[in-house]
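Just work_22.json here, JSON, C-alpha atoms:
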[["chain", "number", "residue", "atom", "x", "y", "z"],
["A", 1383, "MET", "CA", -25.60, 8.66, -34.25],
["A", 1384, "LYS", "CA", -24.58, 6.50, -31.31],
["A", 1385, "VAL", "CA", -23.72, 2.87, -32.01],
["A", 1386, "ASN", "CA", -22.64, 0.01, -29.76],
["A", 1387, "ILE", "CA", -19.66, -2.02, -30.92],
["A", 1388, "LEU", "CA", -18.93, -5.56, -29.77],
["A", 1389, "ALA", "CA", -15.29, -6.50, -29.25],
["A", 1390, "PHE", "CA", -13.54, -9.87, -29.22],
["A", 1391, "GLY", "CA", -10.02, -11.20, -28.72],
["A", 1392, "ILE", "CA", -7.28, -8.58, -28.96],
["A", 1393, "VAL", "CA", -9.83, -5.79, -29.54],
["A", 1394, "LYS", "CA", -11.53, -6.55, -26.24],
["A", 1395, "GLU", "CA", -8.13, -6.02, -24.60],
["A", 1396, "ILE", "CA", -7.56, -2.76, -26.48],
["A", 1397, "PHE", "CA", -10.98, -1.43, -25.41],
["A", 1398, "GLN", "CA", -10.65, -3.04, -21.97],
["A", 1399, "ARG", "CA", -14.29, -4.05, -22.25],
["A", 1400, "SER", "CA", -16.49, -6.17, -24.51],
["A", 1401, "VAL", "CA", -18.82, -3.36, -25.68],
["A", 1402, "ILE", "CA", -18.11, 0.28, -26.40],
["A", 1403, "GLU", "CA", -20.30, 3.14, -27.60],
["A", 1404, "ILE", "CA", -19.15, 5.32, -30.50],
["A", 1405, "ASP", "CA", -20.72, 8.59, -31.60],
["A", 1406, "LEU", "CA", -20.62, 8.94, -35.41],
["A", 1407, "ASP", "CA", -20.93, 12.27, -37.22],
["A", 1408, "GLY", "CA", -21.94, 12.44, -40.89],
["A", 1409, "THR", "CA", -22.84, 9.42, -42.99],
["A", 1410, "PRO", "CA", -22.48, 6.33, -40.80],
["A", 1411, "THR", "CA", -20.50, 4.17, -43.22],
["A", 1412, "ILE", "CA", -18.17, 1.39, -42.20],
["A", 1413, "SER", "CA", -15.15, 3.42, -43.32],
["A", 1414, "ASN", "CA", -16.22, 6.40, -41.18],
["A", 1415, "LEU", "CA", -16.75, 4.07, -38.26],
["A", 1416, "LYS", "CA", -13.23, 2.65, -38.74],
["A", 1417, "SER", "CA", -11.67, 6.14, -38.80],
["A", 1418, "GLU", "CA", -13.54, 7.13, -35.65],
["A", 1419, "LEU", "CA", -12.52, 3.91, -33.89],
["A", 1420, "GLU", "CA", -8.86, 4.35, -34.85],
["A", 1421, "LYS", "CA", -8.93, 7.99, -33.70],
["A", 1422, "ASN", "CA", -10.25, 6.95, -30.27],
["A", 1423, "TYR", "CA", -8.20, 3.76, -29.98],
["A", 1424, "PRO", "CA", -4.87, 4.22, -31.84],
["A", 1425, "ARG", "CA", -3.77, 0.68, -30.89],
["A", 1426, "LEU", "CA", -6.45, -0.60, -33.28],
["A", 1427, "SER", "CA", -4.32, 0.58, -36.23],
["A", 1428, "GLN", "CA", -1.42, -1.54, -34.97],
["A", 1429, "ILE", "CA", -3.11, -4.91, -35.32],
["A", 1430, "ALA", "CA", -2.58, -6.88, -38.54],
["A", 1431, "SER", "CA", -6.08, -6.14, -39.89],
["A", 1432, "TYR", "CA", -9.68, -6.15, -38.79],
["A", 1433, "MET", "CA", -13.10, -6.44, -40.35],
["A", 1434, "ILE", "CA", -16.43, -5.03, -39.23],
["A", 1435, "ALA", "CA", -19.40, -7.36, -39.03],
["A", 1436, "VAL", "CA", -22.95, -5.99, -39.27],
["A", 1437, "ASN", "CA", -25.75, -8.31, -38.14],
["A", 1438, "ASP", "CA", -23.41, -11.35, -38.21],
["A", 1439, "GLU", "CA", -22.10, -10.70, -41.75],
["A", 1440, "TYR", "CA", -18.76, -9.28, -42.87],
["A", 1441, "ALA", "CA", -19.46, -5.75, -44.10],
["A", 1442, "THR", "CA", -17.95, -3.81, -47.00],
["A", 1443, "THR", "CA", -16.53, -0.34, -46.26],
["A", 1444, "ASP", "CA", -19.32, 1.52, -48.09],
["A", 1445, "LEU", "CA", -22.15, -0.11, -46.14],
["A", 1446, "ILE", "CA", -24.29, 2.38, -44.18],
["A", 1447, "ILE", "CA", -25.11, 1.28, -40.68],
["A", 1448, "ASP", "CA", -28.33, 1.74, -38.77],
["A", 1449, "SER", "CA", -28.48, 2.41, -35.03],
["A", 1450, "LYS", "CA", -30.37, -0.88, -34.57],
["A", 1451, "ASP", "CA", -27.67, -3.00, -36.27],
["A", 1452, "GLU", "CA", -25.49, -5.34, -34.28],
["A", 1453, "ILE", "CA", -21.93, -4.24, -35.01],
["A", 1454, "ALA", "CA", -18.79, -6.15, -34.11],
["A", 1455, "ILE", "CA", -15.08, -5.77, -34.73],
["A", 1456, "ILE", "CA", -13.51, -8.93, -36.10],
["A", 1457, "PRO", "CA", -9.72, -8.98, -35.61],
["A", 1458, "PRO", "CA", -7.73, -11.66, -37.51],
["A", 1459, "VAL", "CA", -9.43, -14.99, -36.75],
["A", 1460, "SER", "CA", -7.43, -17.93, -35.43],
["A", 1461, "GLY", "CA", -9.81, -20.78, -34.73],
["A", 1462, "GLY", "CA", -9.20, -24.45, -35.42],
["B", 460, "MET", "CA", -27.09, -32.27, -43.85],
["B", 461, "VAL", "CA", -25.05, -30.24, -41.44],
["B", 462, "ASP", "CA", -24.45, -30.50, -37.68],
["B", 463, "LEU", "CA", -22.76, -27.52, -35.96],
["B", 464, "LYS", "CA", -21.78, -26.90, -32.37],
["B", 465, "ILE", "CA", -19.75, -24.42, -30.35],
["B", 466, "SER", "CA", -19.26, -25.50, -26.76],
["B", 467, "ASP", "CA", -17.15, -24.79, -23.70],
["B", 468, "LYS", "CA", -17.36, -28.48, -22.76],
["B", 469, "PRO", "CA", -15.00, -31.19, -24.08],
["B", 470, "LEU", "CA", -15.91, -32.27, -27.63],
["B", 471, "ASN", "CA", -17.19, -35.78, -28.30],
["B", 472, "ILE", "CA", -15.44, -37.19, -31.37],
["B", 473, "GLN", "CA", -17.62, -40.28, -31.51],
["B", 474, "SER", "CA", -20.83, -38.25, -31.59],
["B", 475, "CYS", "CA", -19.54, -36.37, -34.68],
["B", 476, "ILE", "CA", -18.73, -39.68, -36.39],
["B", 477, "ASP", "CA", -22.07, -41.22, -35.41],
["B", 478, "TRP", "CA", -23.93, -38.17, -36.71],
["B", 479, "VAL", "CA", -22.38, -38.34, -40.20],
["B", 480, "MET", "CA", -22.67, -42.12, -40.53],
["B", 481, "THR", "CA", -25.21, -43.14, -43.18],
["B", 482, "PRO", "CA", -25.95, -46.48, -44.86],
["B", 483, "GLN", "CA", -25.04, -44.80, -48.17],
["B", 484, "CYS", "CA", -21.55, -43.72, -47.13],
["B", 485, "GLY", "CA", -18.45, -45.71, -47.95],
["B", 486, "GLY", "CA", -16.14, -43.68, -45.79],
["B", 487, "ILE", "CA", -15.88, -40.98, -43.14],
["B", 488, "ASP", "CA", -13.00, -38.53, -42.96],
["B", 489, "VAL", "CA", -12.35, -36.98, -39.56],
["B", 490, "PHE", "CA", -10.10, -34.06, -38.71],
["B", 491, "ILE", "CA", -9.26, -33.58, -35.05],
["B", 492, "GLY", "CA", -7.40, -30.45, -34.02],
["B", 493, "THR", "CA", -5.27, -30.86, -30.89],
["B", 494, "VAL", "CA", -3.44, -28.40, -28.66],
["B", 495, "ARG", "CA", 0.30, -28.57, -29.39],
["B", 496, "GLU", "CA", 2.88, -28.16, -26.62],
["B", 497, "ALA", "CA", 4.99, -25.54, -28.43],
["B", 498, "THR", "CA", 4.81, -22.72, -31.00],
["B", 499, "LYS", "CA", 8.04, -21.74, -32.76],
["B", 500, "GLY", "CA", 10.08, -23.34, -30.01],
["B", 501, "LYS", "CA", 8.19, -21.66, -27.18],
["B", 502, "THR", "CA", 6.51, -23.86, -24.60],
["B", 503, "VAL", "CA", 2.74, -23.44, -24.56],
["B", 504, "VAL", "CA", 1.03, -23.67, -21.18],
["B", 505, "ARG", "CA", -2.56, -23.50, -22.44],
["B", 506, "LEU", "CA", -4.77, -22.00, -25.13],
["B", 507, "GLU", "CA", -7.84, -19.85, -24.65],
["B", 508, "PHE", "CA", -10.51, -19.79, -27.34],
["B", 509, "GLU", "CA", -13.19, -17.15, -27.70],
["B", 510, "ALA", "CA", -16.00, -17.11, -30.28],
["B", 511, "TYR", "CA", -18.53, -14.62, -31.61],
["B", 512, "GLU", "CA", -20.87, -17.53, -31.38],
["B", 513, "LYS", "CA", -23.85, -16.39, -33.43],
["B", 514, "MET", "CA", -21.70, -15.30, -36.37],
["B", 515, "ALA", "CA", -19.30, -18.23, -36.03],
["B", 516, "LEU", "CA", -22.18, -20.69, -36.43],
["B", 517, "LYS", "CA", -23.42, -18.76, -39.46],
["B", 518, "GLU", "CA", -19.96, -18.83, -41.09],
["B", 519, "MET", "CA", -19.53, -22.52, -40.26],
["B", 520, "ARG", "CA", -22.86, -23.23, -41.95],
["B", 521, "LYS", "CA", -21.76, -21.33, -45.08],
["B", 522, "ILE", "CA", -18.57, -23.41, -45.28],
["B", 523, "ALA", "CA", -20.46, -26.68, -44.83],
["B", 524, "GLU", "CA", -23.07, -25.72, -47.44],
["B", 525, "GLU", "CA", -20.27, -24.81, -49.88],
["B", 526, "ALA", "CA", -18.60, -28.18, -49.27],
["B", 527, "LEU", "CA", -21.92, -29.96, -49.90],
["B", 528, "GLN", "CA", -22.18, -28.15, -53.24],
["B", 529, "LYS", "CA", -18.59, -28.67, -54.34],
["B", 530, "TRP", "CA", -18.21, -32.34, -53.45],
["B", 531, "ASN", "CA", -20.40, -35.38, -53.45],
["B", 532, "VAL", "CA", -20.52, -35.74, -49.67],
["B", 533, "HIS", "CA", -23.45, -36.82, -47.51],
["B", 534, "LYS", "CA", -23.25, -35.31, -44.04],
["B", 535, "ILE", "CA", -20.95, -32.84, -42.29],
["B", 536, "SER", "CA", -20.39, -32.30, -38.59],
["B", 537, "ILE", "CA", -18.29, -29.38, -37.28],
["B", 538, "HIS", "CA", -17.77, -28.91, -33.55],
["B", 539, "HIS", "CA", -15.56, -26.20, -32.04],
["B", 540, "ARG", "CA", -14.55, -25.72, -28.43],
["B", 541, "THR", "CA", -14.22, -22.44, -26.52],
["B", 542, "GLY", "CA", -12.62, -21.59, -23.19],
["B", 543, "ILE", "CA", -9.37, -22.83, -21.68],
["B", 544, "LEU", "CA", -7.69, -25.87, -23.28],
["B", 545, "LYS", "CA", -4.61, -27.71, -22.07],
["B", 546, "ILE", "CA", -2.02, -29.59, -24.14],
["B", 547, "GLY", "CA", -3.58, -32.54, -25.96],
["B", 548, "GLU", "CA", -7.14, -31.27, -25.63],
["B", 549, "ILE", "CA", -9.32, -30.92, -28.71],
["B", 550, "PRO", "CA", -10.40, -27.48, -30.06],
["B", 551, "VAL", "CA", -12.06, -28.74, -33.25],
["B", 552, "VAL", "CA", -13.58, -31.87, -34.77],
["B", 553, "ILE", "CA", -14.76, -32.12, -38.38],
["B", 554, "ALA", "CA", -16.38, -35.28, -39.73],
["B", 555, "VAL", "CA", -17.49, -35.77, -43.34],
["B", 556, "SER", "CA", -19.20, -38.82, -44.82],
["B", 557, "ALA", "CA", -19.26, -39.68, -48.52],
["B", 558, "ALA", "CA", -19.82, -42.63, -50.82],
["B", 559, "HIS", "CA", -16.17, -42.46, -51.88],
["B", 560, "ARG", "CA", -13.09, -41.32, -49.95],
["B", 561, "ASP", "CA", -11.74, -38.65, -52.34],
["B", 562, "ALA", "CA", -14.74, -36.39, -51.79],
["B", 563, "ALA", "CA", -14.64, -36.87, -48.02],
["B", 564, "PHE", "CA", -10.89, -36.05, -47.81],
["B", 565, "ASP", "CA", -11.18, -33.01, -50.09],
["B", 566, "ALA", "CA", -14.27, -31.59, -48.36],
["B", 567, "CYS", "CA", -12.81, -32.10, -44.89],
["B", 568, "ARG", "CA", -9.59, -30.30, -45.83],
["B", 569, "TYR", "CA", -11.55, -27.46, -47.43],
["B", 570, "ILE", "CA", -13.66, -27.09, -44.28],
["B", 571, "ILE", "CA", -10.75, -26.82, -41.81],
["B", 572, "ASP", "CA", -8.72, -24.56, -44.14],
["B", 573, "THR", "CA", -11.67, -22.18, -44.66],
["B", 574, "LEU", "CA", -12.73, -22.27, -41.01],
["B", 575, "LYS", "CA", -9.29, -20.98, -40.06],
["B", 576, "LYS", "CA", -9.73, -18.03, -42.45],
["B", 577, "THR", "CA", -13.33, -16.90, -41.98],
["B", 578, "VAL", "CA", -14.97, -18.16, -38.78],
["B", 579, "PRO", "CA", -14.86, -15.55, -35.98],
["B", 580, "ILE", "CA", -13.08, -17.60, -33.34],
["B", 581, "TRP", "CA", -9.90, -16.40, -31.64],
["B", 582, "LYS", "CA", -7.09, -18.24, -29.94],
["B", 583, "LYS", "CA", -4.76, -16.86, -27.32],
["B", 584, "GLU", "CA", -1.53, -18.73, -26.65],
["B", 585, "ILE", "CA", -0.33, -18.59, -23.09],
["B", 586, "PHE", "CA", 3.38, -19.23, -22.66],
["B", 587, "GLU", "CA", 5.42, -19.54, -19.47],
["B", 588, "ASN", "CA", 6.41, -15.88, -19.73],
["B", 589, "GLY", "CA", 3.73, -14.11, -21.72],
["B", 590, "GLU", "CA", 0.70, -14.47, -23.95],
["B", 591, "VAL", "CA", -0.33, -13.59, -27.49],
["B", 592, "TRP", "CA", -3.52, -13.48, -29.56],
["B", 593, "VAL", "CA", -2.58, -15.63, -32.56],
["B", 594, "ALA", "CA", -2.35, -13.69, -35.88],
["B", 595, "ALA", "CA", -3.34, -10.39, -34.25],
["B", 596, "HIS", "CA", -0.09, -8.57, -35.01],
["B", 597, "PRO", "CA", 1.80, -8.24, -38.30]]
Target encoding structure tokens, full file:
Amino acid sequence: MKVNILAFGIVKEIFQRSVIEIDLDGTPTISNLKSELEKNYPRLSQIASYMIAVNDEYATTDLIIDSKDEIAIIPPVSGG
Amino acid sequence: MVDLKISDKPLNIQSCIDWVMTPQCGGIDVFIGTVREATKGKTVVRLEFEAYEKMALKEMRKIAEEALQKWNVHKISIHHRTGILKIGEIPVVIAVSAAHRDAAFDACRYIIDTLKKTVPIWKKEIFENGEVWVAAHP
């Protein structure tokens, strides 16, 4: 299943673009997505932490994503 | 009642205060974030803020609704800036009105503390000889 991933902040710099496409094999869980992302972009494992948001909500690692979902990587936030 | 805004234009402090003002309130607490000239001894040239706007507004609303439940406050306004900010400019304004000051102080502090932890907004510090996304690296 192909999914688009939105990137912000440091992740946008790692990807060198604001949206990437990832092809997921097997059950499309958040944890599988994270493994696939880290395999393709090793620098992602070097940041302090990151969360995945699905349809504007922080997602748990066992959530199964749908190809229509809006998926974003949320590196450590630093607003304010 | 909650008023939220994310904007790349300068924030208007007075409009936040005016929005939370009610005849029932006995006080308004206002937090104004400002861009500091240095971080850990390094001179800051400017900050750049980026937001995942849709989600940031949703998370800001959650925080404000929680504050309304936890404390006896009347109205809450949260405005956050994006884009390039120079020293002394204002990235965030939070205004909270309440009948009594304790609730307004406590709610306002809760809102800024939680915003810094959960709202998807990112800040890059640009120094004279380099730049860093704040909190990105261990």
Set the cut-off to 8 Å and count all atoms listed in the file: what are the residues of chain B that reach chain A? Output as a list in words. Gly492, Phe508, Glu509, Ala510, Tyr511, Lys513, Met514, Lys517, His539, Pro550, Val551, Ile571, Leu574, Lys575, Lys576, Thr577, Val578, Pro579, Ile580, Trp581, Lys582, Lys583, Trp592, Val593, Ala594, Ala595, His596 and Pro597 of chain B
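Picture a line from atom CA of B:Ile543 to atom CA of B:Asp488; it runs 26.7 Å.
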So which residues fall inside 12 Å of (-10.1, -33.7, -38.7) if we count all atoms listed in the file? Mind giving them as an MDAnalysis selection string? (chainID A and resid 1462) or (chainID B and resid 472 475:476 487:493 535:539 549:555 563:572 574)
Give me, please, the distance in Å between atom CA of B:Gln483 and atom CA of B:Lys529, quoted to one decimal. 18.4 Å
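Within 6 Å of stretch 1407-1420 of chain A there are Pro1424, Leu1426, Thr1443, Asp1444, Leu1445, Ile1446 and Ile1447 of chain A, counting only C-alpha atoms and ignoring same-chain residues fewer than 4 positions away.
Shortest separation to A:Leu1406 among A:Ile1434, A:Val1385, A:Ala1441, A:Lys1450 occurs at residue A:Val1385, atoms counted being all atoms listed in the file.
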Identify which of the residues B:Lys468, B:Met480, B:Phe586, B:Ala557 lies closest to B:Ala526, counting all atoms listed in the file when measuring atom-to-atom distances.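 Among B:Lys468, B:Met480, B:Phe586, B:Ala557, it is B:Ala557 that comes nearest to B:Ala526.
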Within 9 Å of B:His559, counting all atoms listed in the file, which residues show up once you throw out same-chain ones fewer than 3 positions away? Write them as a ChimeraX atom specification, please. /B:484-487,531-532,556,562-563
Could you take the residues named above and write them with C-alpha atoms, as a tab-separated table (two decimals), in the coordinates of the input?
chain	number	residue	atom	x	y	z
B	484	CYS	CA	-21.55	-43.72	-47.13
B	485	GLY	CA	-18.45	-45.71	-47.95
B	486	GLY	CA	-16.14	-43.68	-45.79
B	487	ILE	CA	-15.88	-40.98	-43.14
B	531	ASN	CA	-20.40	-35.38	-53.45
B	532	VAL	CA	-20.52	-35.74	-49.67
B	556	SER	CA	-19.20	-38.82	-44.82
B	562	ALA	CA	-14.74	-36.39	-51.79
B	563	ALA	CA	-14.64	-36.87	-48.02
With 6 Å of padding per side, what axis-aligned box (centre and edge lengths, Å, one decimal) covers all the listed atoms of stretch 1445-1450 of chain A? Give it as AutoDock Vina command-line options.
--center_x -26.3 --center_y 0.8 --center_z -40.4 --size_x 20.2 --size_y 15.3 --size_z 23.6
At what distance in Å, to one decimal, does atom CA of B:His533 lie from atom CA of B:Val479?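 A separation of 7.5 Å between them.
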Residues at most 8 Å from B:Glu496, counting all atoms listed in the file, excluding those fewer than 4 positions away in the same chain, as JSON, numbers by chain? {"B": [502, 503, 504, 546, 547]}
Go ahead and dump the residues you just picked, C-alpha atoms, as a PDB file, in the frame of the given file.
ATOM      1  CA  THR B 502       6.510 -23.860 -24.600  1.00  0.00           C
ATOM      2  CA  VAL B 503       2.740 -23.440 -24.560  1.00  0.00           C
ATOM      3  CA  VAL B 504       1.030 -23.670 -21.180  1.00  0.00           C
ATOM      4  CA  ILE B 546      -2.020 -29.590 -24.140  1.00  0.00           C
ATOM      5  CA  GLY B 547      -3.580 -32.540 -25.960  1.00  0.00           C
TER       6      GLY B 547
END
With a distance cut-off of 7 Å and all atoms listed in the file, select the neighbouring residues of A:Lys1384, excluding the residue or stretch itself and same-chain residues fewer than 6 positions from it, and output the selection as a list in words.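 In the requested format, the answer is Glu1403, Ile1404, Asp1405, Leu1406 and Ser1449 of chain A.
Shortest separation to A:Ser1400 among A:Ile1453, A:Thr1442, A:Ser1427, A:Met1433 occurs at residue A:Ile1453, atoms counted being all atoms listed in the file.
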